[in-house]
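Structure below is model35.txt: compact mmCIF, C-alpha atoms.
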# COMPACT_ATOMS: atom_id res chain seq x y z
CA ARG V 30 -30.30 18.35 48.69
CA GLY V 31 -31.83 16.59 45.70
CA GLU V 32 -29.37 18.23 43.29
CA ALA V 33 -26.45 17.34 45.54
CA GLU V 34 -27.53 13.72 45.75
CA ALA V 35 -27.97 13.55 41.96
CA ALA V 36 -24.52 15.03 41.43
CA ALA V 37 -22.95 12.59 43.87
CA GLU V 38 -24.72 9.68 42.17
CA ALA V 39 -23.55 10.82 38.72
CA GLU V 40 -19.99 11.21 39.99
CA GLY V 41 -20.06 7.73 41.48
CA GLU V 42 -21.37 6.23 38.23
CA ALA V 43 -18.70 8.04 36.22
CA ARG V 44 -16.00 6.75 38.54
CA GLU V 45 -17.33 3.20 38.17
CA LEU V 46 -17.22 3.44 34.38
CA ALA V 47 -13.76 5.02 34.40
CA LEU V 48 -12.37 2.24 36.58
CA GLN V 49 -13.84 -0.41 34.31
CA LEU V 50 -12.19 1.19 31.29
CA ASP V 51 -8.88 1.95 33.01
CA GLY V 52 -5.99 0.25 31.22
CA ARG V 53 -8.24 -1.26 28.56
CA LEU V 54 -8.50 1.54 26.04
CA VAL V 55 -6.57 1.29 22.80
CA ARG V 56 -6.23 3.71 19.89
CA LYS V 57 -8.86 2.09 17.70
CA VAL V 58 -11.63 2.69 20.25
CA VAL V 59 -11.81 6.44 19.54
CA LYS V 60 -9.94 6.71 16.22
CA GLN V 61 -13.05 6.61 14.03
CA SER V 62 -14.83 9.14 16.22
CA VAL V 63 -11.91 11.56 16.06
CA MET V 64 -11.52 11.13 12.30
CA THR V 65 -15.24 11.68 11.60
CA THR V 66 -15.47 14.85 13.68
CA VAL V 67 -14.91 16.90 10.53
CA TYR V 68 -17.94 15.15 9.00
CA GLY V 69 -20.14 16.52 11.76
CA VAL V 70 -20.55 13.31 13.73
CA THR V 71 -23.19 13.66 16.46
CA PHE V 72 -23.03 12.42 20.04
CA VAL V 73 -25.28 9.49 19.18
CA GLY V 74 -23.16 8.59 16.16
CA MET V 75 -19.96 8.81 18.18
CA ARG V 76 -21.45 6.66 20.93
CA GLU V 77 -22.42 3.96 18.43
CA GLN V 78 -18.96 4.01 16.86
CA ILE V 79 -17.25 3.64 20.23
CA GLU V 80 -19.66 0.93 21.36
CA ARG V 81 -18.80 -1.19 18.30
CA ARG V 82 -15.10 -0.90 19.10
CA LEU V 83 -15.62 -1.70 22.79
CA ARG V 84 -17.41 -4.93 21.89
CA GLU V 85 -14.26 -5.99 20.02
CA LEU V 86 -12.07 -5.81 23.14
CA PRO V 87 -11.69 -9.35 24.57
CA GLU V 88 -10.22 -8.03 27.83
CA LEU V 89 -13.42 -6.07 28.42
CA ALA V 90 -15.92 -8.59 27.09
CA ALA V 91 -15.62 -11.10 29.94
CA GLU V 92 -16.42 -8.52 32.60
CA VAL V 93 -19.23 -6.82 30.70
CA GLU V 94 -20.89 -10.07 29.64
CA ALA V 95 -21.05 -11.07 33.30
CA ALA V 96 -23.20 -8.01 34.08
CA ALA V 97 -26.95 -8.33 34.48
CA GLN V 98 -27.57 -6.29 31.30
CA PRO V 99 -24.49 -6.49 29.05
CA ASP V 100 -25.94 -4.42 26.20
CA ARG V 101 -26.91 -1.61 28.55
CA GLN V 102 -23.47 -1.68 30.14
CA TYR V 103 -21.76 -1.35 26.76
CA THR V 104 -23.98 1.64 25.99
CA ARG V 105 -23.16 3.26 29.34
CA LEU V 106 -19.43 2.81 28.75
CA ALA V 107 -19.70 4.17 25.19
CA SER V 108 -21.73 7.17 26.35
CA TYR V 109 -19.13 7.97 28.98
CA LEU V 110 -16.30 7.83 26.43
CA ALA V 111 -18.25 9.76 23.78
CA LYS V 112 -18.97 12.58 26.22
CA HIS V 113 -15.33 12.98 27.21
CA THR V 114 -14.06 12.50 23.65
CA MET V 115 -16.27 15.30 22.34
CA SER V 116 -15.29 17.68 25.13
CA SER V 117 -11.58 16.93 24.75
CA LEU V 118 -11.72 17.50 20.98
CA GLY V 119 -12.96 21.02 21.63
CA GLU V 120 -9.98 21.64 23.91
CA VAL V 121 -7.16 19.86 22.07
CA PHE V 122 -8.23 20.87 18.55
CA GLU V 123 -9.82 24.21 19.37
CA PRO V 124 -8.37 26.09 16.33
CA ALA V 125 -9.52 23.32 13.98
CA MET V 126 -13.01 23.36 15.50
CA VAL V 127 -13.16 27.15 15.13
CA ALA V 128 -12.19 26.82 11.45
CA MET V 129 -14.88 24.15 10.95
CA GLU V 130 -17.52 26.41 12.50
CA TRP V 131 -16.39 29.30 10.29
CA LEU V 132 -16.65 27.20 7.13
CA ALA V 133 -20.12 26.02 8.17
CA SER V 134 -21.26 29.59 8.90
CA CYS V 135 -20.07 30.79 5.51
CA ALA V 136 -21.78 27.88 3.75
CA SER V 137 -25.00 28.65 5.61
CA ALA V 138 -24.84 32.32 4.60
CA ILE V 139 -24.14 31.47 0.95
CA GLY V 140 -26.97 28.93 0.87
CA HIS V 141 -29.55 30.98 2.73
CA GLU V 142 -28.83 34.51 1.55
CA ALA V 143 -27.52 33.90 -1.98
CA GLY V 144 -29.42 30.68 -2.64
CA SER V 145 -26.29 29.29 -4.26
CA PRO V 146 -24.22 26.14 -3.83
CA VAL V 147 -20.82 26.59 -2.22
CA GLU V 148 -18.00 26.92 -4.76
CA TRP V 149 -14.27 27.45 -4.42
CA THR V 150 -11.02 27.03 -6.30
CA THR V 151 -8.25 24.77 -5.05
CA PRO V 152 -4.67 26.07 -4.75
CA LEU V 153 -3.96 24.33 -8.07
CA GLY V 154 -6.78 26.16 -9.83
CA LEU V 155 -9.37 23.37 -9.91
CA PRO V 156 -12.94 24.67 -9.48
CA VAL V 157 -15.08 22.79 -6.95
CA VAL V 158 -18.87 22.95 -6.62
CA GLN V 159 -20.94 21.15 -3.98
CA PRO V 160 -23.81 19.61 -6.00
CA TYR V 161 -26.30 19.40 -3.14
CA HIS V 162 -29.80 20.42 -4.15
CA LYS V 163 -33.18 19.51 -2.73
CA PRO V 164 -34.66 16.45 -4.44
CA ARG V 165 -37.46 16.90 -6.92
CA ARG V 166 -40.49 14.79 -5.99
CA ARG V 167 -43.26 13.65 -8.28
CA GLU V 168 -46.39 11.75 -7.35
CA ILE V 169 -47.62 9.11 -9.76
CA ARG V 170 -51.14 7.81 -9.31
CA THR V 171 -52.10 4.40 -10.60
CA VAL V 172 -55.24 2.33 -10.27
CA LEU V 173 -53.71 0.42 -7.37
CA GLN V 174 -51.56 2.94 -5.53
CA ARG V 175 -49.74 6.25 -5.37
CA LEU V 176 -45.98 6.36 -5.87
CA THR V 177 -43.70 9.22 -4.94
CA LEU V 178 -40.51 9.40 -6.99
CA SER V 179 -37.57 11.66 -6.22
CA ASP V 180 -34.27 12.31 -7.93
CA MET V 181 -30.92 12.44 -6.08
CA GLY V 182 -31.06 16.17 -5.51
CA THR V 183 -28.32 17.07 -7.99
CA SER V 184 -30.32 19.14 -10.50
CA ASP V 185 -29.11 22.74 -10.72
CA ASP V 186 -32.70 23.82 -11.34
CA GLU V 187 -33.76 22.87 -7.81
CA PRO V 188 -33.13 24.96 -4.65
CA VAL V 189 -29.90 24.23 -2.82
CA ASP V 190 -30.03 21.90 0.15
CA VAL V 191 -28.48 24.24 2.72
CA ARG V 192 -28.18 21.57 5.40
CA ARG V 193 -26.08 19.34 3.14
CA GLN V 194 -24.08 22.34 1.94
CA VAL V 195 -23.19 23.13 5.56
CA MET V 196 -22.43 19.53 6.50
CA GLY V 197 -20.33 19.00 3.40
CA ILE V 198 -18.06 22.05 3.34
CA PRO V 199 -15.56 21.09 6.13
CA PRO V 200 -14.67 17.61 4.79
CA ASN V 201 -14.93 18.59 1.13
CA TYR V 202 -12.68 21.60 1.54
CA VAL V 203 -10.09 19.55 3.44
CA HIS V 204 -10.25 16.82 0.78
CA SER V 205 -9.64 19.43 -1.91
CA LEU V 206 -6.45 20.47 -0.10
CA ASP V 207 -5.38 16.85 0.39
CA SER V 208 -5.84 16.14 -3.30
CA SER V 209 -3.82 19.25 -4.14
CA HIS V 210 -1.02 17.99 -1.89
CA MET V 211 -1.10 14.61 -3.62
CA LEU V 212 -0.85 16.17 -7.09
CA MET V 213 1.96 18.49 -6.00
CA THR V 214 3.87 15.51 -4.57
CA ALA V 215 3.30 13.46 -7.71
CA SER V 216 4.58 16.30 -9.88
CA ALA V 217 7.66 16.80 -7.69
CA ALA V 218 8.35 13.05 -7.72
CA ARG V 219 8.16 13.00 -11.51
CA GLU V 220 10.65 15.85 -11.76
CA ALA V 221 12.97 14.01 -9.36
CA GLY V 222 12.67 10.76 -11.33
CA ILE V 223 10.99 8.93 -8.44
CA ALA V 224 8.24 6.36 -9.03
CA PHE V 225 5.00 7.47 -7.38
CA ALA V 226 1.66 5.82 -6.61
CA ALA V 227 -1.07 6.72 -4.16
CA VAL V 228 -4.34 5.53 -2.65
CA HIS V 229 -6.16 8.33 -0.82
CA ASP V 230 -3.54 9.65 1.64
CA SER V 231 -1.11 6.73 1.34
CA PHE V 232 1.85 7.54 -0.93
CA TRP V 233 4.08 4.77 -2.31
CA SER V 234 7.40 4.41 -4.05
CA HIS V 235 10.20 1.86 -4.31
CA ALA V 236 11.93 1.09 -1.02
CA CYS V 237 15.17 2.64 -2.22
CA ASP V 238 13.37 5.97 -2.79
CA ALA V 239 11.25 5.99 0.39
CA ASP V 240 13.38 8.58 2.19
CA ALA V 241 13.50 10.85 -0.86
CA LEU V 242 9.71 10.63 -1.29
CA GLY V 243 9.27 11.38 2.41
CA ALA V 244 11.28 14.57 2.05
CA LEU V 245 9.36 15.56 -1.09
CA LEU V 246 5.91 15.15 0.40
CA ARG V 247 6.89 17.19 3.48
CA ASP V 248 8.31 19.97 1.30
CA GLN V 249 5.14 20.07 -0.81
CA PHE V 250 2.96 20.16 2.30
CA VAL V 251 4.85 23.20 3.60
CA GLU V 252 4.61 24.91 0.21
CA LEU V 253 0.86 24.24 0.02
CA HIS V 254 -0.03 25.51 3.48
CA ARG V 255 2.37 28.44 3.84
CA PRO V 256 -0.09 30.92 2.25
CA ASN V 257 -3.18 31.86 4.26
CA LEU V 258 -5.61 29.53 2.49
CA LEU V 259 -8.67 30.57 4.49
CA GLN V 260 -8.01 34.23 3.71
CA ALA V 261 -7.83 33.40 0.01
CA LEU V 262 -11.05 31.36 0.32
CA LEU V 263 -12.89 34.23 1.99
CA GLY V 264 -11.63 36.61 -0.67
CA GLU V 265 -12.99 34.36 -3.39
CA TRP V 266 -16.36 34.01 -1.66
CA ARG V 267 -16.67 37.74 -1.06
CA ALA V 268 -15.86 38.47 -4.70
CA ARG V 269 -18.43 35.91 -5.84
CA HIS V 270 -21.21 36.80 -3.42
CA SER V 271 -20.88 40.54 -2.80
CA CYS V 272 -22.28 43.67 -4.43
CA SER V 273 -20.34 44.58 -7.55
CA LEU V 274 -21.54 48.16 -7.05
CA GLY V 275 -19.50 48.39 -3.87
CA ARG V 276 -22.49 48.98 -1.61
CA GLY V 277 -22.41 45.70 0.29
CA ALA V 278 -25.25 45.27 2.77
CA ALA V 279 -26.31 48.91 2.24
CA CYS V 280 -27.34 48.19 -1.34
CA GLU V 281 -30.48 50.06 -2.42
CA HIS V 282 -31.83 47.25 -4.58
CA PHE V 283 -33.26 44.86 -1.99
CA GLU V 284 -36.51 44.51 -3.89
CA GLY V 285 -36.70 40.74 -4.21
CA ARG V 286 -38.92 38.41 -2.26
CA ALA V 287 -38.31 37.92 1.45
CA VAL V 288 -36.06 34.99 2.31
CA ARG V 289 -37.92 33.00 4.91
CA ASP V 290 -34.89 31.22 6.36
CA VAL V 291 -32.75 34.35 6.78
CA GLY V 292 -32.91 36.58 9.82
CA ASP V 293 -34.68 36.27 13.12
CA ARG V 294 -37.78 38.37 12.48
CA ASP V 295 -41.00 37.44 10.74
CA ASP V 296 -42.10 40.91 9.59
CA ASP V 297 -41.28 42.89 6.46
CA THR V 298 -37.88 44.01 7.80
CA ARG V 299 -36.35 40.65 7.02
CA PRO V 300 -33.49 40.70 4.49
CA ARG V 301 -34.64 40.32 0.91
CA ARG V 302 -32.83 38.73 -1.97
CA CYS V 303 -31.61 41.28 -4.47
CA SER V 304 -33.55 41.46 -7.72
CA GLN V 305 -30.77 42.86 -9.89
CA PRO V 306 -27.72 40.99 -11.25
CA GLY V 307 -24.43 41.89 -9.64
CA CYS V 308 -26.01 43.26 -6.50
CA ALA V 309 -25.53 42.26 -2.85
CA ARG V 310 -25.82 38.53 -2.19
CA VAL V 311 -24.34 37.81 1.26
CA ARG V 312 -24.10 40.26 4.16
CA TRP V 313 -20.52 39.45 5.15
CA ASP V 314 -20.68 41.86 8.09
CA GLY V 315 -23.76 40.16 9.54
CA ARG V 316 -24.46 37.02 11.58
CA GLY V 317 -22.93 38.44 14.74
CA GLY V 318 -19.40 38.31 13.34
CA ALA V 319 -19.57 34.57 12.61
CA LEU V 320 -18.27 35.18 9.08
CA GLN V 321 -15.13 36.98 10.20
CA LEU V 322 -11.94 35.14 9.34
CA PRO V 323 -10.57 33.04 12.22
CA LYS V 324 -7.26 34.17 13.67
CA ARG V 325 -4.32 32.29 12.22
CA GLY V 326 -2.17 30.17 14.53
CA ASN V 327 1.57 30.42 15.11
CA LEU V 328 2.68 26.94 14.02
CA ASP V 329 6.10 26.92 12.37
CA LEU V 330 5.42 24.83 9.27
CA ASP V 331 9.10 24.15 8.75
CA VAL V 332 9.08 21.73 11.70
CA VAL V 333 7.04 19.41 9.46
CA ARG V 334 10.22 18.68 7.54
CA GLN V 335 11.76 17.16 10.69
CA SER V 336 8.66 15.17 11.67
CA PRO V 337 9.44 11.41 11.75
CA TYR V 338 5.73 10.52 11.38
CA PHE V 339 3.74 12.29 8.70
Mind turning this structure into structure tokens?
Amino acid sequence: RGEAEAAAEAEGEARELALQLDGRLVRKVVKQSVMTTVYGVTFVGMREQIERRLRELPELAAEVEAAAQPDRQYTRLASYLAKHTMSSLGEVFEPAMVAMEWLASCASAIGHEAGSPVEWTTPLGLPVVQPYHKPRRREIRTVLQRLTLSDMGTSDDEPVDVRRQVMGIPPNYVHSLDSSHMLMTASAAREAGIAFAAVHDSFWSHACDADALGALLRDQFVELHRPNLLQALLGEWRARHSCSLGRGAACEHFEGRAVRDVGDRDDDTRPRRCSQPGCARVRWDGRGGALQLPKRGNLDLDVVRQSPYF
């Protein structure tokens, strides 16, 4: 009975919040939350983002300010929206979320098992390295006090910061593709004799060339994404972080020290970092299949060329 009453109460509260928001939501309320999903935004972060946008809605302010506890009411409304926004993202953008999880799993394996920063090469051949290392701390003692100084964690001599490597790979990889698209469009515009300028993902030209630039950027997008980019990325990572002797996880040279943050066991059977150059670095067949390449979708990229908004 207690569970049933709690469920009924929660349902009634949700209905109350939904009715208060009905007809008052605009795009900007959830835009930031959707855009920052790739950056690993948490529920609390999403709630705070949405709450700031809700406070900017004049049609909602009058009603909420009349409540006994306006600040609490804004938080309740934002929590309700954040919950449903996060759940809907997993449904609507399921393939994208799967790809994000795969990138994060690979970054975790590279950081934990190989002890290396994540590196890759863009489709245009530009090498990219995530410079996230643990900060070096030094304690300085004076007559009056003790000071702890730390660098920014960018020294290659320090261990990699695996958490930042994992958090950074989805947005950084996507940005590397976006920058490739921009350079491809700029090159095509130059060949076509069209003036080109850009700020982030906003491409400009003279008004008389707007349609021609629109066609160019769509064509370059299709050319960029037609190959299986994730398959190429996995191939590069496997070549960089696999056993050059062809033995993979069965390599006989696991003689290095035990890696404390790899594996689930605390005894001597934990995986060990290889002690010989060119030997196994990442067990690509491990982690319960989390490193297996996600299945590619069936989107016809050519429809991008007919898209009025891009």
Legend entry - Separation of CA of Ala138 in chain V from CA of Gly154 in chain V, in Å and rounded to one decimal: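 Those two atoms sit 23.9 Å apart.
Around Ile139 in chain V, within 9 Å and counting all atoms listed in the file, the residues found are Ser134, Gly144, Ser145, Pro146, Val147, Val191, Trp266, His270, Arg310 and Val311 of chain V, once anything fewer than 5 positions away on its own chain is removed.
Minimum atom-to-atom distance to His210 in chain V, evaluated using only C-alpha atoms, belongs to V:Val251 out of V:Val251, V:Leu50, V:Met115, V:Ile169.
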Inset, instruction - Please provide the set of residues having any atom within 9 Å of Gln78 in chain V, restricted to only C-alpha atoms, with same-chain residues fewer than 5 positions apart removed, written as number ranges by chain. - result: V: 58-59, 61-62, 73, 83, 107
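As for CA of Leu262 in chain V and CA of His162 in chain V, they are spaced 22.2 Å apart.
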Inset, instruction - Please indicate the distance in Å from CA of Ala125 in chain V to CA of Pro323 in chain V, rounded to one decimal place. - result: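 Going from CA of Ala125 in chain V over to CA of Pro323 in chain V, I get 9.9 Å.
Here the question is which of V:Trp313, V:Phe225, V:Tyr202, V:Tyr103 gets nearest to Pro152 in chain V using all atoms listed in the file, and that residue is V:Tyr202.
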Legend entry - Among the residues V:Ser116, V:Gln260, V:Gln49, V:Thr104, the one that comes closest to Leu89 in chain V [using all atoms listed in the file]: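 Counting all atoms listed in the file, the residue closest to Leu89 in chain V is V:Gln49.
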